[in-house]
Amino acid sequence: MNPLFFKRWNRFKSLRRSFWSLVILMGAIFLSLFAELLMNHRAIFVNYKGQWHFPTYQYLEAQTFGEEGTQEPKYRELKTKLSENGEGFVLMPLVPYGPFESDFTETPPPHAPSSRHWLGTDDQGRDILVRLFYGFRIAIFFSLILTIVGFIIGIWIGALSGYFGGWVDLSFQRIIEIWSTVPFLYLCIYVASLITPNFWILLCLLLFFSWISISYYIRTEVMREKEKDYCLAAQSCGASSSRIIFKHLLPNSMVPVISSFPFAIVRGITSLTSLDFLGYGLPPPTPSWGGLMQQGLQYLHNAWWITLFSFLAITITLLLVTFIGEGIREALDPKHFSKYQ
Amino acid sequence: MKKLIKMALQIRTESLIKVLVLFTTLVAAMILDLPSVGAAEDLSKIKWVTNDTAKPFSSPKAQRGGVYQSYMSSYPLTFRLYGPNSNDMFANYNQPHCFSSLVGSFSLVIRHPETLEYIPSLATHWAVMKDQKTLYFKLDPDVRYNDGHPVRADDYVFAFEMMRSEHIKDPVQNKVYREDFISVEKIDDLTIKIVGAYPSWQALDKYQITPIAKHATVLDENWIRKYNWSSPVCVGAYKITDFKEGRYVTFERVKNWWGDEKKYLKNLYNFDRLNFKIIRDNNVAFEHFKKGELSQFTIAKASDWKNNTDFDDIKKGWIVKKKVMVKGPDGPYGLLMNLKSSVFKNKDFRKSLAYLFDFNKLNDNLMFGAYERRQSWFAGTEYDSPNSFKYPDYNPKKAAELLTKAGFKTRGSDGILINAQGERASFFITYGEETFSRHLSVIAEDFKAAGVEMKLKLVDSAKAFKDGLEKNFEMKIISMTAGLFPEPEQYFHSDHAKTMSNNNFASYSNPEMDQQIKIYKEDLDIKKRKAAMNRIEELIRDEGFYIPLWGSNFIRILYWNNLGHIPNYEPMYSYMFNGNYTWWFDAEADKKLKVAQSAKTTIPNVNDVIEVGPNKK
């Protein structure tokens with residue numbers, strides 16, 4: 001790690017707002033990997049008659065716990081039952097409700113925020129906090145994969161385009177121009193109404209269009225770096241094109257990549273949420289923020305919590321990412337006190 | 001004696017042959033029951049029937065005038081009444097009947113929407129012959145088109161030609177009028193004769209035809225294009241006078257409409273103008289209504305009725321809120337399995353799903369208890385026997401038994417059942433209405449608890465219907481409107497099982513069913529028909545491919561308090577609100593409403609009673 005990196009990193013750390021946004025976001029992403037242990041209708045572990053069972057990631061039948069039948073036991077009720085008859089104990093996750101589970105035990109849904117459901121339920125009785133959390137995981141990973149893969153494709157195409165110039169550059173540029181005029185939203189709607197997209201199909205669909213902007217940046221950077229002396233030196237030493245590109249040029253062209261990375265994440269989350277809101281994204285009953293917002297719109301007058309919390313979730317997430325982005329931009333800025341006017 | 005023989009021999013041979021021919025023809029006619037030959041039919045033996053004793057279902061208090069503001073969710077695809085794209089929602093307003101489809105469009109004879117007896121419409125008298133397929137009608141000479149031209153027998157003959165013609169590109173009409181009808185003949189200017197293809201117990205409902213203006217229609221291959229956007233010339237009370245593509249369509253009342261003098265048609269169609277705006281989203285339309293830009297609004301969702309109908313204007317009595325109880329037949333509305341798909345080939349598996357459907361949970365929690373479970377395919381007709389017939393209730397134990405019997409004994413690692421061949425109990429349900437997702441999600445959770453995976457596949461509603469017609473689905477939601485009598489042939493006849501683009505979505509095929517359908521269609525004894533219909537419903541249930549959902553026997557409406565209506569709000573046999581039929585604009589009530597609105601006072605006792613209607617308990 002070169003000293004330049006440390007200098008930038010320290011600069012970034014000194015920007016409190018961005019640094020803590022990064023910490024919070026990384027923490028949330030890390031926690032979301034363990035969503036099933038934090039918020040689930042399945043218990044974390046069950047000790048029944050001395051035997052340990054870990055139902056979180058596997059399907060256990062009710063017969064395992066002395067009840068009859070092959071269906072899954074209701075772990076919340078099992079907890080009270082076992083604590084009463086002393087045959088064992090159950091540890092439930094922090095929020096003991098699943099993302100697909102409808103709660104009809106009280107009045108008809110949607111339920112207002114209460115001690116049972118901290119953020120209330122949606123119109124099907126599903127806990128909103130749980131759905132927002134699972135939805136966060138889906139949204140953030142969708143966006144991360146979309147951005148990373150899109151960047152790889154875009155960097156590759158941009159580098160080739162910038163380095164070789166000539167007719168390679170010309171043809172790529174023309175292709176990109178034509179490609180960028182395709183209205184991607186209409187295409188998504190069209191595809192979604194023919195087949196029901198799942199996570200990966202939607203990802204591939206959006207991937208077709210997300211690499212274009214980064215390829216422009218990289219192309220410019222590579223074209224600029226190509227004229228510099230070190231590149232000339234490497235060429236005269238007889239280095240191959242791929243070595244020059246990957247070892248010399250690209251590492252010096254990473255600045256626009258890193259600074260636009262967070263904003264590309266924002267774009268990814270927004271695209272997925274917009275498609276879900278319109279109904280052309282992930283199919284029901286997948287937990288999605290856009291789907292929750294669409295529902296909230298119908299219940300704006302009487303179940304305000306659906307709209308409020310889904311709106312807060314997406315706003316806070318996007319704010320965090322934007323703060324990180326601003327921090328990175330400032331950290332990478334060679335001038336310490338530049339003013340943007 | 002000798003003289004007689006001499007006289008006979010003197011008669012010329014030609015005359016003798018003529019007499020012989022006449023004699024044999026008469027004998028043949030008697031044997032074959034042919035109608036008597038000759039240019040003029042002998043109508044003196046016909047016992048003409050009419051009905052002038054039925055009670056008019058309109059209100060004598062009706063006032064003429066006012067504008068009825070309504071909306072449609074999409075601009076019509078054409079103004080034509082036949083041919084491609086003509087059978088969309090707009091047909092309800094355009095075919096100037098404004099009757100519900102139960103009682104038939106503007107025909108010669110219609111059914112009274114309260115009592116279902118036959119009453120004269122375009123015909124004053126009618127007669128159905130003993131063979132149950134020959135009918136005679138005496139036309140009402142006062143009937144005129146909306147351009148003033150009188151309707152005569154030639155128009156009916158022309159209509160028959162047109163319905164059979166390829167130029168209209170309407171395969172449904174072509175099929176009906178080519179296969180079910182033999183002829184429509186003009187006896188004289190005001191009398192016609194219709195001959196059907198086979199005897200039918202519903203001959204008077206079945207063998208009818210709407211006249212088409214011969215003087216205003218050119219039937220050639222350009223017919224579709226030429227008449228796409230022209231205001232139809234027809235016998236109804238309204239005429240399309242103004243329209244703007246994508247924005248609105250306006251109908252105006254025909255001056256001196258012929259029906260204004262008729263016993264059963266006067267005091268109907270009371271508004272001077274009907275204006276249909278295009279508003280795509282129902283929630284947005286509701287906001288328009290609240291602002292006073294729509295005259296009336298029908299509430300479709302139970303949650304809306306419970307939560308969104310308590311606002312100020314209703315409390316002040318400016319908007320009237322009523323739940324009109326009616327009794328209309330329902331078409332099938334339920335989950336339908338494709339019998340040709342591999343996952344549903346096992347009957348026990350299909351039947352187990354019926355035991356996993358928890359209607360009460362859905363009804364109480366998602367729909368505020370507003371609906372009733374349907375227990376048959378053709379519910380609400382006189383052939384329904386709701387007490388003796390039932391679909392299974394929610395019973396997961398019985399379902400588990402059936403699943404085991406079907407070979408699904410073990411659960412996979414994800415909790416879904418697997419059979420001996422390693423196939424998972426998993427299928428897709430194709431549907432087109434987004435509002436149904438939440439019900440299906442709850443049903444899917446119940447299925448999952450028992451080990452069956454139902455994956456939701458929401459597509460565009462037109463595509464969902466098309467997939468049904470092409471039999472490209474595993475399970476789908478079937479939702480069809482119904483006529484006054486059950487029509488099992490289109491849904492269950494084996495002929496339709498092998499072909500596409502028909503209503504036998506499930507590809508059901510069973511020789512016993514075909515037999516029962518034939519009995520139902522043709523037997524003239526109602527007891528036998530009811531027995532056949534009962535057997536048909538049993539066969540449907542035992543095949544296990546249909547799980548009925550629910551239905552409602554009411555229409556929930558909100559309307560501004562300046563409209564007058566018949567005492568029971570809607571006739572008994574209605575399934576949708578038809579404000580521009582029996583209702584009217586009440587000028588007195590409008591004055592009172594405007595006064596109350598400007599002074600912000602309450603009009604008392606408007607919403608004291610919410611449940612009304614002809615079928616009120």
# chains A, B, ... in the order shown; residues from 1 in each chain; ligands from 1

$ residues_around --residues "Tyr198 of chain B" --least-positions-apart "2" --cutoff "12 Å" --atoms "only C-alpha atoms" --output "CSV table (one decimal) with N, CA and C atoms, in the first residue's frame"
chain,number,residue,atom,x,y,z
B,131,ASP,N,-92.0,-26.8,-32.3
B,131,ASP,CA,-90.7,-27.5,-32.5
B,131,ASP,C,-89.5,-26.8,-31.8
B,132,GLN,N,-89.9,-25.7,-31.0
B,132,GLN,CA,-88.9,-25.0,-30.2
B,132,GLN,C,-87.7,-24.5,-31.0
B,133,LYS,N,-87.9,-24.3,-32.3
B,133,LYS,CA,-86.8,-23.6,-33.0
B,133,LYS,C,-87.3,-22.7,-34.1
B,134,THR,N,-88.6,-22.6,-34.3
B,134,THR,CA,-89.1,-21.6,-35.2
B,134,THR,C,-89.9,-20.5,-34.5
B,179,GLU,N,-73.9,-21.5,-37.3
B,179,GLU,CA,-74.2,-22.8,-36.8
B,179,GLU,C,-75.5,-22.9,-36.1
B,180,ASP,N,-75.9,-21.9,-35.3
B,180,ASP,CA,-77.1,-22.1,-34.5
B,180,ASP,C,-78.3,-21.6,-35.2
B,181,PHE,N,-78.2,-20.8,-36.3
B,181,PHE,CA,-79.4,-20.3,-37.0
B,181,PHE,C,-79.4,-20.9,-38.4
B,182,ILE,N,-80.7,-21.1,-38.8
B,182,ILE,CA,-80.9,-21.6,-40.2
B,182,ILE,C,-81.2,-20.4,-41.1
B,195,VAL,N,-85.6,-19.1,-37.8
B,195,VAL,CA,-85.5,-20.6,-37.7
B,195,VAL,C,-84.2,-20.9,-37.1
B,196,GLY,N,-84.1,-21.6,-36.0
B,196,GLY,CA,-82.9,-22.0,-35.4
B,196,GLY,C,-82.5,-23.4,-35.8
B,200,SER,N,-84.5,-25.8,-28.7
B,200,SER,CA,-83.9,-25.3,-27.5
B,200,SER,C,-85.0,-24.9,-26.5
B,201,TRP,N,-84.7,-25.2,-25.2
B,201,TRP,CA,-85.7,-24.8,-24.2
B,201,TRP,C,-85.6,-23.3,-23.9
B,202,GLN,N,-84.5,-22.7,-24.4
B,202,GLN,CA,-84.5,-21.3,-24.2
B,202,GLN,C,-84.6,-20.6,-25.6
B,203,ALA,N,-85.5,-21.1,-26.4
B,203,ALA,CA,-85.6,-20.7,-27.8
B,203,ALA,C,-85.8,-19.2,-27.9
B,206,LYS,N,-82.5,-17.5,-27.1
B,206,LYS,CA,-81.4,-17.8,-28.0
B,206,LYS,C,-81.6,-17.3,-29.4
B,207,TYR,N,-82.8,-17.5,-29.9
B,207,TYR,CA,-82.9,-17.2,-31.4
B,207,TYR,C,-83.5,-15.8,-31.5
B,518,LYS,N,-75.2,-32.3,-23.3
B,518,LYS,CA,-76.2,-32.4,-24.4
B,518,LYS,C,-77.6,-32.4,-23.8
B,521,LYS,N,-78.5,-29.0,-22.7
B,521,LYS,CA,-78.8,-28.1,-23.8
B,521,LYS,C,-80.1,-28.3,-24.5
B,522,GLU,N,-80.5,-29.6,-24.6
B,522,GLU,CA,-81.6,-29.9,-25.5
B,522,GLU,C,-82.9,-30.3,-24.8
B,523,ASP,N,-82.8,-30.9,-23.6
B,523,ASP,CA,-84.0,-31.5,-23.0
B,523,ASP,C,-85.0,-30.4,-22.7
B,524,LEU,N,-86.3,-30.6,-23.0
B,524,LEU,CA,-87.2,-29.6,-22.7
B,524,LEU,C,-87.9,-29.7,-21.3

$ interface_residues --of "chain B" --to "chain A" --cutoff "10 Å" --atoms "only C-alpha atoms" --output "VMD selection string"
chain B and resid 283 303 to 304 307 to 308 361 to 368 396 to 397 400 409 to 417 430 432 434 to 435 437 to 442 444 to 446 448 to 451 455 to 464

$ write_last_selection --atoms "N, CA and C atoms" --output "short mmCIF file (atom, residue, chain, number, x, y, z; two decimals), in the first residue's frame"
data_model
loop_
_atom_site.label_atom_id
_atom_site.label_comp_id
_atom_site.auth_asym_id
_atom_site.auth_seq_id
_atom_site.Cartn_x
_atom_site.Cartn_y
_atom_site.Cartn_z
N ASN B 283 -57.93 4.97 -8.16
CA ASN B 283 -57.75 5.86 -7.01
C ASN B 283 -57.87 7.32 -7.44
N SER B 303 -61.69 -3.06 1.61
CA SER B 303 -60.95 -2.16 2.50
C SER B 303 -61.30 -0.71 2.20
N ASP B 304 -61.50 -0.38 0.93
CA ASP B 304 -61.90 0.98 0.59
C ASP B 304 -63.25 1.30 1.20
N ASN B 307 -62.64 1.82 4.95
CA ASN B 307 -61.77 2.88 5.43
C ASN B 307 -61.96 4.24 4.76
N ASN B 308 -62.31 4.22 3.49
CA ASN B 308 -62.30 5.48 2.77
C ASN B 308 -63.68 6.06 2.52
N LYS B 361 -60.11 -17.37 6.77
CA LYS B 361 -58.97 -16.54 7.18
C LYS B 361 -58.81 -15.36 6.24
N LEU B 362 -58.89 -15.63 4.95
CA LEU B 362 -58.76 -14.55 3.97
C LEU B 362 -59.90 -13.55 4.12
N ASN B 363 -61.11 -14.08 4.23
CA ASN B 363 -62.27 -13.21 4.25
C ASN B 363 -62.26 -12.30 5.48
N ASP B 364 -61.95 -12.91 6.65
CA ASP B 364 -62.02 -12.11 7.86
C ASP B 364 -60.89 -11.11 7.94
N ASN B 365 -59.72 -11.50 7.48
CA ASN B 365 -58.56 -10.63 7.71
C ASN B 365 -58.23 -9.69 6.57
N LEU B 366 -58.46 -10.14 5.35
CA LEU B 366 -58.10 -9.27 4.24
C LEU B 366 -59.30 -8.57 3.64
N MET B 367 -60.50 -9.11 3.88
CA MET B 367 -61.64 -8.54 3.17
C MET B 367 -62.77 -8.15 4.10
N PHE B 368 -62.45 -8.00 5.39
CA PHE B 368 -63.43 -7.47 6.35
C PHE B 368 -64.71 -8.28 6.37
N PRO B 396 -56.16 -29.16 6.88
CA PRO B 396 -54.79 -29.57 6.51
C PRO B 396 -54.52 -31.06 6.75
N LYS B 397 -55.23 -31.65 7.72
CA LYS B 397 -55.00 -33.08 7.96
C LYS B 397 -55.42 -33.90 6.75
N ALA B 400 -53.06 -33.49 4.02
CA ALA B 400 -51.83 -34.27 4.18
C ALA B 400 -52.06 -35.72 3.76
N LYS B 409 -44.57 -38.16 -0.19
CA LYS B 409 -44.45 -38.62 1.20
C LYS B 409 -43.40 -37.88 1.99
N THR B 410 -42.28 -37.58 1.33
CA THR B 410 -41.19 -36.98 2.11
C THR B 410 -41.01 -35.53 1.75
N ARG B 411 -40.47 -34.79 2.73
CA ARG B 411 -40.19 -33.39 2.51
C ARG B 411 -38.72 -33.23 2.13
N GLY B 412 -38.50 -32.35 1.19
CA GLY B 412 -37.12 -32.06 0.81
C GLY B 412 -36.45 -31.18 1.86
N SER B 413 -35.22 -30.80 1.59
CA SER B 413 -34.49 -30.01 2.58
C SER B 413 -35.07 -28.62 2.74
N ASP B 414 -35.86 -28.16 1.76
CA ASP B 414 -36.44 -26.83 1.91
C ASP B 414 -37.89 -26.90 2.37
N GLY B 415 -38.33 -28.10 2.76
CA GLY B 415 -39.67 -28.21 3.28
C GLY B 415 -40.73 -28.51 2.25
N ILE B 416 -40.35 -28.61 0.98
CA ILE B 416 -41.34 -28.89 -0.07
C ILE B 416 -41.35 -30.39 -0.32
N LEU B 417 -42.56 -30.93 -0.51
CA LEU B 417 -42.70 -32.37 -0.68
C LEU B 417 -42.09 -32.85 -1.99
N THR B 430 -50.40 -18.19 -12.73
CA THR B 430 -50.35 -17.01 -13.59
C THR B 430 -51.56 -16.15 -13.32
N GLY B 432 -53.17 -11.76 -13.59
CA GLY B 432 -52.93 -10.46 -14.20
C GLY B 432 -53.32 -9.26 -13.36
N GLU B 434 -52.80 -7.05 -10.10
CA GLU B 434 -51.83 -6.84 -9.03
C GLU B 434 -52.49 -6.88 -7.66
N THR B 435 -53.75 -6.42 -7.59
CA THR B 435 -54.42 -6.35 -6.29
C THR B 435 -54.62 -7.73 -5.70
N SER B 437 -52.29 -9.99 -5.49
CA SER B 437 -51.04 -10.56 -4.99
C SER B 437 -51.11 -10.88 -3.52
N ARG B 438 -51.72 -9.99 -2.74
CA ARG B 438 -51.65 -10.23 -1.30
C ARG B 438 -52.50 -11.43 -0.90
N HIS B 439 -53.64 -11.65 -1.58
CA HIS B 439 -54.41 -12.85 -1.26
C HIS B 439 -53.62 -14.10 -1.61
N LEU B 440 -53.00 -14.06 -2.80
CA LEU B 440 -52.25 -15.23 -3.24
C LEU B 440 -51.05 -15.49 -2.34
N SER B 441 -50.42 -14.41 -1.84
CA SER B 441 -49.27 -14.63 -0.95
C SER B 441 -49.71 -15.38 0.30
N VAL B 442 -50.86 -15.02 0.84
CA VAL B 442 -51.34 -15.70 2.04
C VAL B 442 -51.68 -17.15 1.72
N ALA B 444 -50.39 -18.90 -0.63
CA ALA B 444 -49.12 -19.59 -0.88
C ALA B 444 -48.46 -20.01 0.43
N GLU B 445 -48.56 -19.16 1.45
CA GLU B 445 -47.98 -19.52 2.75
C GLU B 445 -48.65 -20.75 3.33
N ASP B 446 -50.00 -20.81 3.19
CA ASP B 446 -50.72 -22.00 3.67
C ASP B 446 -50.29 -23.24 2.92
N LYS B 448 -47.45 -23.67 1.53
CA LYS B 448 -46.07 -23.99 1.87
C LYS B 448 -45.99 -24.75 3.18
N ALA B 449 -46.85 -24.36 4.13
CA ALA B 449 -46.83 -25.07 5.42
C ALA B 449 -47.12 -26.54 5.23
N ALA B 450 -47.93 -26.85 4.21
CA ALA B 450 -48.25 -28.26 3.95
C ALA B 450 -47.24 -28.90 3.02
N GLY B 451 -46.33 -28.12 2.48
CA GLY B 451 -45.29 -28.70 1.65
C GLY B 451 -45.48 -28.51 0.16
N LYS B 455 -45.67 -20.70 -6.82
CA LYS B 455 -44.89 -19.51 -7.16
C LYS B 455 -45.79 -18.53 -7.92
N LEU B 456 -45.70 -17.27 -7.51
CA LEU B 456 -46.59 -16.27 -8.09
C LEU B 456 -45.99 -15.69 -9.35
N LYS B 457 -46.81 -15.68 -10.42
CA LYS B 457 -46.32 -15.14 -11.67
C LYS B 457 -47.29 -14.06 -12.13
N LEU B 458 -46.96 -12.83 -11.78
CA LEU B 458 -47.81 -11.72 -12.15
C LEU B 458 -47.37 -11.19 -13.50
N VAL B 459 -48.27 -11.21 -14.47
CA VAL B 459 -47.95 -10.66 -15.78
C VAL B 459 -49.01 -9.62 -16.14
N ASP B 460 -48.84 -9.01 -17.26
CA ASP B 460 -49.80 -8.04 -17.75
C ASP B 460 -51.16 -8.72 -17.92
N SER B 461 -52.25 -8.02 -17.60
CA SER B 461 -53.55 -8.71 -17.57
C SER B 461 -53.96 -9.23 -18.95
N ALA B 462 -53.63 -8.48 -20.00
CA ALA B 462 -53.97 -8.99 -21.32
C ALA B 462 -53.19 -10.27 -21.61
N LYS B 463 -51.91 -10.28 -21.19
CA LYS B 463 -51.09 -11.47 -21.42
C LYS B 463 -51.61 -12.64 -20.62
N ALA B 464 -52.09 -12.36 -19.37
CA ALA B 464 -52.61 -13.44 -18.53
C ALA B 464 -53.80 -14.10 -19.23
#

$ residues_around --residues "Phe263 of chain A" --least-positions-apart "4" --cutoff "9 Å" --atoms "only C-alpha atoms" --output "PDB file with N, CA and C atoms, in the first residue's frame"
ATOM      1  N   SER A 259     -14.435   7.427  -7.177  1.00  0.00           N
ATOM      2  CA  SER A 259     -15.334   8.514  -6.767  1.00  0.00           C
ATOM      3  C   SER A 259     -16.737   8.329  -7.316  1.00  0.00           C
ATOM      4  N   ARG A 267     -27.565   4.808  -7.785  1.00  0.00           N
ATOM      5  CA  ARG A 267     -28.369   4.599  -8.997  1.00  0.00           C
ATOM      6  C   ARG A 267     -28.937   3.197  -9.033  1.00  0.00           C
ATOM      7  N   GLY A 268     -28.138   2.215  -8.621  1.00  0.00           N
ATOM      8  CA  GLY A 268     -28.611   0.829  -8.637  1.00  0.00           C
ATOM      9  C   GLY A 268     -29.794   0.624  -7.709  1.00  0.00           C
ATOM     10  N   VAL A 321     -24.915   6.590   1.631  1.00  0.00           N
ATOM     11  CA  VAL A 321     -24.050   6.331   0.481  1.00  0.00           C
ATOM     12  C   VAL A 321     -23.568   7.631  -0.143  1.00  0.00           C
ATOM     13  N   THR A 322     -24.463   8.607  -0.191  1.00  0.00           N
ATOM     14  CA  THR A 322     -24.060   9.893  -0.778  1.00  0.00           C
ATOM     15  C   THR A 322     -22.992  10.574   0.061  1.00  0.00           C
ATOM     16  N   GLY A 325     -19.830   9.014  -0.666  1.00  0.00           N
ATOM     17  CA  GLY A 325     -19.349   9.462  -1.965  1.00  0.00           C
ATOM     18  C   GLY A 325     -18.699  10.835  -1.901  1.00  0.00           C
TER      19      GLY A 325
END

$ select_by_dssp --residues "segment 390-535 of chain B" --states "alpha helix (DSSP H)" --output "ChimeraX atom specification"
/B:396-405,437-450,461-469,488-492,494-497,511-522,526-535

$ write_last_selection --atoms "C-alpha atoms" --output "compact mmCIF listing (two decimals), in the first residue's frame"
# COMPACT_ATOMS: atom_id res chain seq x y z
CA PRO B 396 -54.79 -29.57 6.51
CA LYS B 397 -55.00 -33.08 7.96
CA LYS B 398 -57.15 -34.33 5.10
CA ALA B 399 -54.86 -32.52 2.70
CA ALA B 400 -51.83 -34.27 4.18
CA GLU B 401 -53.57 -37.62 3.72
CA LEU B 402 -54.32 -36.89 0.09
CA LEU B 403 -50.79 -35.67 -0.55
CA THR B 404 -49.39 -38.89 0.86
CA LYS B 405 -51.83 -40.83 -1.28
CA SER B 437 -51.04 -10.56 -4.99
CA ARG B 438 -51.65 -10.23 -1.30
CA HIS B 439 -54.41 -12.85 -1.26
CA LEU B 440 -52.25 -15.23 -3.24
CA SER B 441 -49.27 -14.63 -0.95
CA VAL B 442 -51.34 -15.70 2.04
CA ILE B 443 -52.68 -18.75 0.19
CA ALA B 444 -49.12 -19.59 -0.88
CA GLU B 445 -47.98 -19.52 2.75
CA ASP B 446 -50.72 -22.00 3.67
CA PHE B 447 -49.70 -24.25 0.82
CA LYS B 448 -46.07 -23.99 1.87
CA ALA B 449 -46.83 -25.07 5.42
CA ALA B 450 -48.25 -28.26 3.95
CA SER B 461 -53.55 -8.71 -17.57
CA ALA B 462 -53.97 -8.99 -21.32
CA LYS B 463 -51.09 -11.47 -21.42
CA ALA B 464 -52.61 -13.44 -18.53
CA PHE B 465 -55.85 -13.82 -20.48
CA LYS B 466 -53.98 -14.71 -23.65
CA ASP B 467 -51.93 -17.34 -21.81
CA GLY B 468 -55.22 -18.82 -20.67
CA LEU B 469 -56.56 -18.99 -24.20
CA PRO B 488 -71.36 -25.44 -19.67
CA GLU B 489 -70.57 -26.29 -23.27
CA GLN B 490 -67.96 -23.58 -23.79
CA TYR B 491 -66.13 -24.56 -20.61
CA PHE B 492 -66.25 -28.35 -20.59
CA SER B 494 -64.28 -32.23 -25.15
CA ASP B 495 -64.27 -30.63 -28.61
CA HIS B 496 -62.76 -27.53 -27.08
CA ALA B 497 -60.19 -29.46 -25.08
CA PRO B 511 -67.57 -38.40 -22.39
CA GLU B 512 -70.04 -38.38 -19.50
CA MET B 513 -69.71 -34.62 -19.30
CA ASP B 514 -70.40 -34.30 -23.01
CA GLN B 515 -73.52 -36.38 -22.53
CA GLN B 516 -74.77 -34.30 -19.62
CA ILE B 517 -74.09 -31.12 -21.56
CA LYS B 518 -76.22 -32.44 -24.40
CA ILE B 519 -79.09 -33.22 -22.05
CA TYR B 520 -78.86 -29.78 -20.48
CA LYS B 521 -78.78 -28.07 -23.85
CA GLU B 522 -81.63 -29.85 -25.49
CA ILE B 526 -86.58 -28.60 -16.61
CA LYS B 527 -86.28 -31.36 -14.01
CA LYS B 528 -84.03 -33.36 -16.32
CA ARG B 529 -81.98 -30.27 -17.07
CA LYS B 530 -81.54 -29.50 -13.39
CA ALA B 531 -80.44 -33.08 -12.77
CA ALA B 532 -77.96 -32.81 -15.63
CA MET B 533 -76.60 -29.50 -14.32
CA ASN B 534 -76.21 -30.98 -10.86
CA ARG B 535 -74.27 -33.89 -12.29

$ select_by_dssp --residues "segment 73-224 of chain A" --states "strand (DSSP E)" --output "PyMOL selection string"
chain A and resi 88-91

$ residues_around --residues "Leu332 of chain A" --least-positions-apart "6" --cutoff "9 Å" --atoms "only C-alpha atoms" --output "tab-separated table (two decimals) with N, CA and C atoms, in the first residue's frame"
chain	number	residue	atom	x	y	z
A	8	ARG	N	-4.70	9.54	1.55
A	8	ARG	CA	-6.12	9.74	1.20
A	8	ARG	C	-7.04	9.14	2.26
A	9	TRP	N	-6.62	8.00	2.80
A	9	TRP	CA	-7.45	7.33	3.79
A	9	TRP	C	-7.55	8.18	5.05
A	11	ARG	N	-7.24	11.36	5.23
A	11	ARG	CA	-8.06	12.50	4.85
A	11	ARG	C	-9.54	12.14	4.95
A	12	PHE	N	-9.84	10.95	4.45
A	12	PHE	CA	-11.22	10.49	4.50
A	12	PHE	C	-11.67	10.31	5.94
A	255	VAL	N	-9.13	6.93	-10.13
A	255	VAL	CA	-9.80	8.00	-9.38
A	255	VAL	C	-11.26	8.18	-9.77
A	258	ILE	N	-13.34	5.19	-8.34
A	258	ILE	CA	-13.64	5.18	-6.91
A	258	ILE	C	-14.61	6.28	-6.54
A	259	SER	N	-14.43	7.43	-7.18
A	259	SER	CA	-15.33	8.51	-6.77
A	259	SER	C	-16.74	8.33	-7.32

$ residues_around --residues "Thr582 of chain B" --least-positions-apart "4" --cutoff "8 Å" --atoms "only C-alpha atoms" --output "list in words"
Ser58, Ser59, Asn267, Leu268, Tyr269, Asn270, His565, Ile566, Glu570 and Asn578 of chain B

$ write_last_selection --atoms "C-alpha atoms" --output "PDB file, in the first residue's frame"
ATOM      1  CA  SER B  58     -88.830   2.402 -14.241  1.00  0.00           C
ATOM      2  CA  SER B  59     -90.093   5.115 -11.945  1.00  0.00           C
ATOM      3  CA  ASN B 267     -88.908   6.872 -17.839  1.00  0.00           C
ATOM      4  CA  LEU B 268     -85.649   5.187 -18.711  1.00  0.00           C
ATOM      5  CA  TYR B 269     -82.504   6.829 -20.095  1.00  0.00           C
ATOM      6  CA  ASN B 270     -83.348  10.082 -18.420  1.00  0.00           C
ATOM      7  CA  HIS B 565     -83.617   6.479  -8.484  1.00  0.00           C
ATOM      8  CA  ILE B 566     -86.164   3.685  -8.470  1.00  0.00           C
ATOM      9  CA  GLU B 570     -81.242  -1.225  -9.010  1.00  0.00           C
ATOM     10  CA  ASN B 578     -76.213   1.293 -14.446  1.00  0.00           C
TER      11      ASN B 578
END

$ atom_distance --atom1 "atom CA of Val266 of chain A" --atom2 "atom CA of Ile212 of chain A"
16.0 Å

$ closest_residue --among "A:Trp289, A:Tyr134, A:Tyr216, A:Phe209" --to "Ser180 of chain A" --atoms "only C-alpha atoms"
A:Phe209
